[in-house]
file my_file.txt (compact mmCIF, C-alpha atoms)
# COMPACT_ATOMS: atom_id res chain seq x y z
CA MET R 1 75.74 73.01 70.18
CA LYS R 2 79.34 74.02 70.69
CA VAL R 3 80.27 73.65 74.34
CA LEU R 4 83.42 75.07 75.90
CA LEU R 5 84.81 74.41 79.35
CA ILE R 6 86.74 77.35 80.76
CA ILE R 7 89.30 76.06 83.22
CA PRO R 8 91.11 78.74 85.21
CA ALA R 9 94.38 77.38 86.62
CA TYR R 10 96.88 78.95 88.96
CA ASN R 11 99.75 76.74 90.10
CA GLU R 12 97.83 73.56 89.27
CA GLU R 13 100.70 71.33 88.08
CA ALA R 14 99.45 68.53 90.34
CA ASN R 15 95.89 68.35 89.01
CA ILE R 16 95.56 69.99 85.64
CA LEU R 17 96.55 66.98 83.53
CA ASN R 18 94.21 64.73 85.49
CA THR R 19 91.32 67.17 85.10
CA CYS R 20 91.84 67.48 81.34
CA ASN R 21 92.16 63.72 80.88
CA LYS R 22 88.89 63.15 82.73
CA ILE R 23 87.16 65.61 80.40
CA LYS R 24 88.61 63.89 77.31
CA GLU R 25 87.57 60.48 78.65
CA PHE R 26 84.05 61.70 79.34
CA SER R 27 83.37 63.16 75.91
CA ASP R 28 85.32 64.34 72.89
CA GLU R 29 82.52 66.68 71.88
CA ILE R 30 83.31 69.06 74.71
CA ASP R 31 86.08 71.54 74.01
CA PHE R 32 88.07 73.06 76.80
CA VAL R 33 90.49 75.91 77.24
CA VAL R 34 92.79 76.16 80.24
CA ILE R 35 93.53 79.71 81.29
CA ASN R 36 96.93 79.62 82.93
CA ASP R 37 96.83 82.65 85.20
CA GLY R 38 100.55 83.36 85.32
CA SER R 39 101.38 80.20 87.27
CA LYS R 40 104.82 80.09 88.86
CA ASP R 41 105.11 76.29 88.75
CA ASN R 42 105.23 73.84 85.84
CA THR R 43 101.59 74.29 84.77
CA GLU R 44 102.59 75.88 81.46
CA LYS R 45 105.10 73.15 80.67
CA ILE R 46 102.52 70.43 81.34
CA LEU R 47 99.96 72.20 79.14
CA GLN R 48 102.43 72.52 76.27
CA GLU R 49 103.89 69.02 76.47
CA ASN R 50 100.48 67.39 76.50
CA ASN R 51 99.16 69.65 73.77
CA LEU R 52 96.23 70.83 75.85
CA ASN R 53 94.33 73.82 74.49
CA HIS R 54 95.36 76.74 76.67
CA ILE R 55 95.94 80.46 76.95
CA CYS R 56 98.86 81.65 79.05
CA LEU R 57 98.17 85.03 80.63
CA ILE R 58 101.32 87.12 80.54
CA GLU R 59 100.56 88.47 84.02
CA ASN R 60 98.58 87.12 86.96
CA LEU R 61 95.07 88.59 86.83
CA GLY R 62 93.22 86.71 89.56
CA ILE R 63 90.16 84.52 89.08
CA GLY R 64 87.93 87.23 87.59
CA GLY R 65 90.33 88.29 84.86
CA ALA R 66 91.27 84.70 84.07
CA VAL R 67 87.69 83.52 83.69
CA GLN R 68 86.82 86.55 81.57
CA THR R 69 89.61 85.60 79.17
CA GLY R 70 87.78 82.30 78.75
CA TYR R 71 84.53 84.08 77.97
CA LYS R 72 86.33 86.28 75.44
CA TYR R 73 87.75 83.14 73.83
CA ALA R 74 84.27 81.57 73.78
CA PHE R 75 82.83 84.71 72.21
CA GLU R 76 85.51 84.93 69.52
CA ASN R 77 85.15 81.27 68.63
CA ASN R 78 81.38 81.39 68.56
CA TYR R 79 80.57 78.89 71.29
CA ASP R 80 76.93 78.35 72.26
CA ILE R 81 77.58 77.41 75.88
CA ALA R 82 80.55 78.26 78.09
CA ILE R 83 81.04 76.43 81.37
CA GLN R 84 83.34 77.51 84.16
CA PHE R 85 85.13 74.49 85.52
CA ASP R 86 87.79 74.34 88.22
CA GLY R 87 91.16 72.84 87.37
CA ASP R 88 91.76 71.37 90.80
CA GLY R 89 89.46 68.34 90.61
CA GLN R 90 86.65 69.92 92.66
CA HIS R 91 84.11 69.69 89.87
CA ASP R 92 82.79 66.54 88.29
CA VAL R 93 82.65 66.52 84.49
CA THR R 94 79.78 64.01 84.46
CA TYR R 95 77.49 66.83 85.60
CA VAL R 96 78.19 68.90 82.48
CA PRO R 97 75.08 67.58 80.64
CA ASN R 98 72.92 68.37 83.71
CA ILE R 99 74.20 71.90 83.86
CA CYS R 100 73.71 72.44 80.11
CA GLU R 101 70.20 71.01 79.99
CA PRO R 102 68.23 74.08 81.17
CA ILE R 103 70.09 76.24 78.65
CA ILE R 104 69.47 73.81 75.78
CA ASN R 105 65.78 73.64 76.74
CA GLY R 106 65.62 77.43 76.92
CA GLN R 107 64.63 77.45 80.61
CA ALA R 108 67.54 79.59 81.77
CA ASP R 109 70.31 81.84 80.52
CA MET R 110 72.77 80.99 83.26
CA VAL R 111 72.90 77.77 85.27
CA ILE R 112 74.79 77.40 88.52
CA GLY R 113 75.87 74.03 89.88
CA SER R 114 74.90 73.99 93.56
CA ARG R 115 76.24 71.60 96.18
CA TYR R 116 73.55 72.68 98.69
CA LEU R 117 70.42 72.34 96.56
CA ASP R 118 70.22 68.61 97.01
CA LYS R 119 72.23 67.62 100.06
CA LYS R 120 72.31 63.94 99.10
CA GLU R 121 73.81 64.69 95.71
CA SER R 122 77.07 66.20 96.95
CA LYS R 123 79.52 64.29 99.10
CA PHE R 124 81.48 67.40 99.84
CA GLN R 125 79.56 70.14 101.66
CA SER R 126 82.56 72.37 102.53
CA THR R 127 83.37 73.91 105.87
CA PHE R 128 80.99 75.57 108.33
CA MET R 129 82.45 79.04 107.77
CA ARG R 130 82.16 78.70 104.02
CA ARG R 131 78.52 77.62 104.36
CA LEU R 132 77.84 80.55 106.71
CA GLY R 133 79.34 82.96 104.18
CA SER R 134 77.34 81.38 101.37
CA ASN R 135 74.15 81.73 103.40
CA ILE R 136 74.77 85.43 104.02
CA ILE R 137 75.41 86.06 100.33
CA SER R 138 72.32 83.98 99.46
CA PHE R 139 70.23 86.13 101.78
CA LEU R 140 71.57 89.35 100.23
CA LEU R 141 70.91 88.04 96.72
CA ARG R 142 67.38 87.03 97.69
CA THR R 143 66.56 90.43 99.17
CA CYS R 144 68.51 92.75 96.86
CA ALA R 145 68.52 90.93 93.53
CA LYS R 146 65.34 88.84 94.07
CA THR R 147 67.20 85.71 93.06
CA LYS R 148 67.14 82.40 94.84
CA VAL R 149 70.64 80.96 94.73
CA THR R 150 71.72 78.44 97.33
CA ASP R 151 75.37 78.28 96.32
CA PRO R 152 76.36 81.76 95.16
CA THR R 153 80.12 81.17 95.34
CA SER R 154 80.00 78.06 93.19
CA GLY R 155 82.52 78.24 90.36
CA PHE R 156 80.72 75.55 88.35
CA ARG R 157 78.36 77.44 86.07
CA ALA R 158 77.16 77.49 82.49
CA ALA R 159 76.33 80.52 80.37
CA ASN R 160 74.48 80.81 77.08
CA LYS R 161 75.54 82.83 74.07
CA GLU R 162 74.04 86.11 75.22
CA ILE R 163 75.69 85.89 78.62
CA ILE R 164 79.01 84.96 77.04
CA LYS R 165 78.74 88.23 75.13
CA VAL R 166 77.99 90.19 78.31
CA PHE R 167 80.80 88.55 80.29
CA ALA R 168 83.31 89.00 77.46
CA LYS R 169 82.65 92.71 77.71
CA THR R 170 82.40 93.21 81.48
CA TYR R 171 83.19 90.78 84.23
CA PRO R 172 83.75 91.70 87.91
CA THR R 173 87.21 91.19 89.34
CA ASP R 174 87.03 91.27 93.13
CA TYR R 175 84.28 88.80 94.11
CA PRO R 176 83.28 87.61 90.64
CA GLU R 177 80.96 84.70 91.49
CA PRO R 178 78.23 86.49 93.47
CA GLU R 179 78.75 89.83 91.75
CA SER R 180 78.24 88.37 88.29
CA ILE R 181 74.90 86.91 89.42
CA VAL R 182 73.72 90.39 90.41
CA ASN R 183 74.91 91.87 87.11
CA ILE R 184 73.12 89.19 85.15
CA ARG R 185 69.90 89.64 87.14
CA ASN R 186 70.05 93.41 86.60
CA LEU R 187 69.98 92.72 82.87
CA ASN R 188 66.89 90.54 83.43
CA PHE R 189 68.47 87.25 82.45
CA ARG R 190 67.17 84.04 84.01
CA VAL R 191 69.39 82.31 86.55
CA MET R 192 68.78 78.73 87.60
CA GLU R 193 70.45 76.17 89.84
CA VAL R 194 70.94 72.46 89.40
CA PRO R 195 72.28 70.10 92.06
CA VAL R 196 75.83 68.87 91.48
CA SER R 197 78.37 66.92 93.45
CA MET R 198 81.66 68.47 94.35
CA ASN R 199 84.78 66.79 95.62
CA GLU R 200 87.24 68.14 98.06
CA ARG R 201 89.95 69.84 96.04
CA GLU R 202 92.85 67.56 95.22
CA GLY R 203 95.58 70.15 95.45
CA ARG R 204 96.12 72.59 98.25
CA SER R 205 93.75 75.53 98.30
CA ILE R 206 95.33 78.83 97.37
CA PHE R 207 93.75 80.22 100.52
CA ASN R 208 95.80 77.99 102.80
CA MET J 1 100.79 136.85 110.81
CA SER J 2 104.20 136.65 112.51
CA ILE J 3 107.29 136.92 110.36
CA ASN J 4 108.33 133.36 111.30
CA LEU J 5 105.04 131.95 110.10
CA ALA J 6 105.26 133.92 106.89
CA ILE J 7 108.71 132.50 106.20
CA ALA J 8 107.49 128.95 106.93
CA VAL J 9 104.51 129.31 104.58
CA ALA J 10 106.66 130.90 101.87
CA THR J 11 109.26 128.12 102.11
CA THR J 12 106.58 125.44 101.88
CA LEU J 13 105.08 127.19 98.90
CA ILE J 14 108.41 127.43 97.07
CA LEU J 15 109.24 123.75 97.75
CA MET J 16 105.77 122.72 96.58
CA MET J 17 106.07 124.68 93.35
CA LEU J 18 109.59 123.38 92.74
CA ALA J 19 108.45 119.77 93.16
CA LEU J 20 105.52 120.43 90.86
CA ILE J 21 107.54 122.09 88.12
CA THR J 22 110.31 119.46 88.18
CA ASN J 23 107.76 116.69 87.82
CA ILE J 24 105.94 118.40 84.97
CA LYS J 25 109.26 119.06 83.21
CA ASN J 26 110.38 115.45 83.63
CA LYS J 27 107.02 114.35 82.19
CA LYS J 28 106.35 112.38 85.34
CA LEU J 29 103.15 114.30 86.01
CA GLN J 30 100.48 115.05 83.43
CA LEU J 31 99.53 118.69 83.23
CA SER J 32 95.88 117.88 83.92
CA TYR J 33 96.78 116.40 87.30
CA SER J 34 98.97 119.37 88.26
CA ILE J 35 96.18 121.95 87.92
CA PHE J 36 94.83 121.00 91.35
CA TRP J 37 98.19 121.77 92.96
CA LEU J 38 98.71 124.94 90.97
CA ILE J 39 95.37 126.28 92.27
CA ALA J 40 96.37 125.29 95.82
CA GLY J 41 99.62 127.23 95.31
CA VAL J 42 97.77 130.33 94.13
CA ILE J 43 95.51 130.18 97.21
CA LEU J 44 98.59 129.96 99.44
CA VAL J 45 100.09 133.03 97.74
CA ILE J 46 96.89 134.99 98.40
CA VAL J 47 96.93 133.96 102.06
CA LEU J 48 100.56 134.96 102.31
CA LEU J 49 99.96 138.39 100.78
CA ILE J 50 96.68 139.17 102.56
CA PRO J 51 96.78 137.25 105.88
CA ASN J 52 93.64 138.96 107.09
CA CYS J 53 91.54 137.28 104.42
CA LEU J 54 91.59 134.08 106.51
CA ASN J 55 89.87 135.82 109.43
CA VAL J 56 87.25 137.34 107.14
CA ILE J 57 86.41 134.01 105.48
CA THR J 58 86.37 132.22 108.84
CA LYS J 59 83.84 134.69 110.23
CA PHE J 60 81.77 134.61 107.09
CA LEU J 61 81.51 130.79 107.06
CA GLY J 62 80.88 130.68 110.83
CA PHE J 63 83.96 128.78 112.04
CA GLU J 64 85.34 129.54 115.51
CA ILE J 65 88.97 129.95 114.49
CA PRO J 66 90.83 129.93 111.12
CA SER J 67 92.64 126.66 111.83
CA ASN J 68 89.33 124.81 112.09
CA MET J 69 88.31 126.14 108.72
CA ILE J 70 91.64 125.24 107.14
CA PHE J 71 91.48 121.68 108.50
CA PHE J 72 87.91 121.26 107.33
CA ILE J 73 88.57 122.55 103.82
CA THR J 74 91.78 120.52 103.53
CA ILE J 75 90.05 117.30 104.57
CA VAL J 76 87.21 117.83 102.13
CA MET J 77 89.62 118.56 99.29
CA GLU J 78 91.76 115.58 100.17
CA PHE J 79 88.70 113.34 100.19
CA TYR J 80 87.78 114.58 96.74
CA LEU J 81 91.33 114.04 95.53
CA ILE J 82 91.53 110.48 96.84
CA LEU J 83 88.17 109.65 95.33
CA GLN J 84 89.36 110.94 91.96
CA LEU J 85 92.55 108.90 92.29
CA MET J 86 90.59 105.74 93.06
CA ILE J 87 88.33 106.32 90.07
CA THR J 88 91.37 106.80 87.83
CA LEU J 89 93.02 103.73 89.33
CA SER J 90 89.91 101.58 88.74
CA LYS J 91 89.71 102.73 85.15
CA GLU J 92 93.37 102.07 84.55
CA SER J 93 93.28 98.63 86.14
CA LYS J 94 90.30 97.71 83.96
CA ARG J 95 92.21 98.77 80.86
CA ASN J 96 95.26 96.92 82.07
CA ILE J 97 93.33 93.67 82.56
CA SER J 98 91.81 94.01 79.12
CA LEU J 99 95.25 94.62 77.62
CA ILE J 100 96.78 91.57 79.31
CA GLN J 101 93.87 89.40 78.12
CA GLU J 102 94.06 90.59 74.52
CA VAL J 103 97.85 90.23 74.33
CA SER J 104 97.69 86.72 75.83
CA MET J 105 95.02 85.68 73.34
CA LEU J 106 96.98 87.14 70.43
CA LYS J 107 100.09 85.33 71.64
CA LYS J 108 98.18 82.05 71.54
CA LYS J 109 97.03 82.77 67.99
CA VAL J 110 100.54 83.66 66.81
CA GLU J 111 101.99 80.52 68.39
CA GLU J 112 99.34 78.40 66.68
CA ILE J 113 100.07 79.97 63.29
CA GLU J 114 103.81 79.44 63.71
CA LYS J 115 103.26 75.82 64.69
CA ASN J 116 101.23 75.15 61.55
CA LYS J 117 103.77 76.74 59.21
call {"tool": "encode", "arguments": {"input": "my_file.txt", "output": "structure tokens"}}
result
Amino acid sequence: MKVLLIIPAYNEEANILNTCNKIKEFSDEIDFVVINDGSKDNTEKILQENNLNHICLIENLGIGGAVQTGYKYAFENNYDIAIQFDGDGQHDVTYVPNICEPIINGQADMVIGSRYLDKKESKFQSTFMRRLGSNIISFLLRTCAKTKVTDPTSGFRAANKEIIKVFAKTYPTDYPEPESIVNIRNLNFRVMEVPVSMNEREGRSIFN
Amino acid sequence: MSINLAIAVATTLILMMLALITNIKNKKLQLSYSIFWLIAGVILVIVLLIPNCLNVITKFLGFEIPSNMIFFITIVMEFYLILQLMITLSKESKRNISLIQEVSMLKKKVEEIEKNK
């Protein structure tokens, strides 16, 4: 099984090296590709100097376009599983086997790492407003797409080969996380959640 | 129609056509996008030549006064136009994203090949 971590990064000079080192320490069987989304800081320099596998987008595309580049890369290089993984230290690489397991066992086509599924598992539960938003999206997904997803905005997710193919072709740009779930469900793929732990991001959020 | 109004409409029409033709000539506007405005120009010419046609159409469609009808038709056409623009914009932005992604991936490949030379 060829596994690829897709790491979108925008102005992540503070965390990107740390994130990549943690992945290397954890396992050398997992490949990763950092998608540098037109960062204005030293992200590109750090990626080059440390010889980290990366693609530098020539223009800023936003999270949707950046992640899709990763799926295109995964598709071209024939990966079996592609995992979206944040470059800011929010996600924990030790959960990668957990998130891959349902795909390897053939139980699901896409697996989402949820911080709400098992409250004890995740130290970081995010802010009240974020949880409220997540709950509203969850409700809409349950009623409109008949899918039970507790953490629809989670950016920690794994996709099998077929989904990589779909995402390489079309991936939403505006609110990619929940929208992609709907698209996948409309194509009758199976979506599953596993509990993961998330940390508070190490760098400053781009929303602040 | 008063003579003042006729002059105002005619001036607007001439300015509109001038702007249109200059932009087509300078290749700033594709011909397919200008057809909408050319048709609008033709309608204005008809109104200018036969002012009474407005009253007839207004009565036929059941509007109280011609200005109501003109506002209504203009708003509907404008809505259609903006919708078309948004569709075009969405399509173009999709292509643009795809282009940026492909170029960036190619750039990576080229850099790798040059490194291994």
call {"tool": "interface_residues", "arguments": {"input": "my_file.txt", "of": "chain J", "to": "chain R", "cutoff": "7 Å", "atoms": "only C-alpha atoms", "output": "list in words"}}
result
Ile97, Ile100, Gln101, Ser104, Met105 and Lys108 of chain J
call {"tool": "residues_around", "arguments": {"input": "my_file.txt", "residues": "Lys146 in chain R", "least_positions_apart": "3", "cutoff": "10 Å", "atoms": "all atoms listed in the file", "output": "ChimeraX atom specification"}}
result
/R:139-143,149,182,185-186
call {"tool": "atom_distance", "arguments": {"input": "my_file.txt", "atom1": "CA of Ala158 in chain R", "atom2": "CA of Val194 in chain R"}}
result
10.6 Å
call {"tool": "atom_distance", "arguments": {"input": "my_file.txt", "atom1": "CA of Pro8 in chain R", "atom2": "CA of Glu177 in chain R"}}
result
13.3 Å
call {"tool": "residues_around", "arguments": {"input": "my_file.txt", "residues": "range 15-31 of chain J", "least_positions_apart": "6", "cutoff": "9 Å", "atoms": "all atoms listed in the file", "output": "ChimeraX atom specification"}}
result
/J:37-38,41
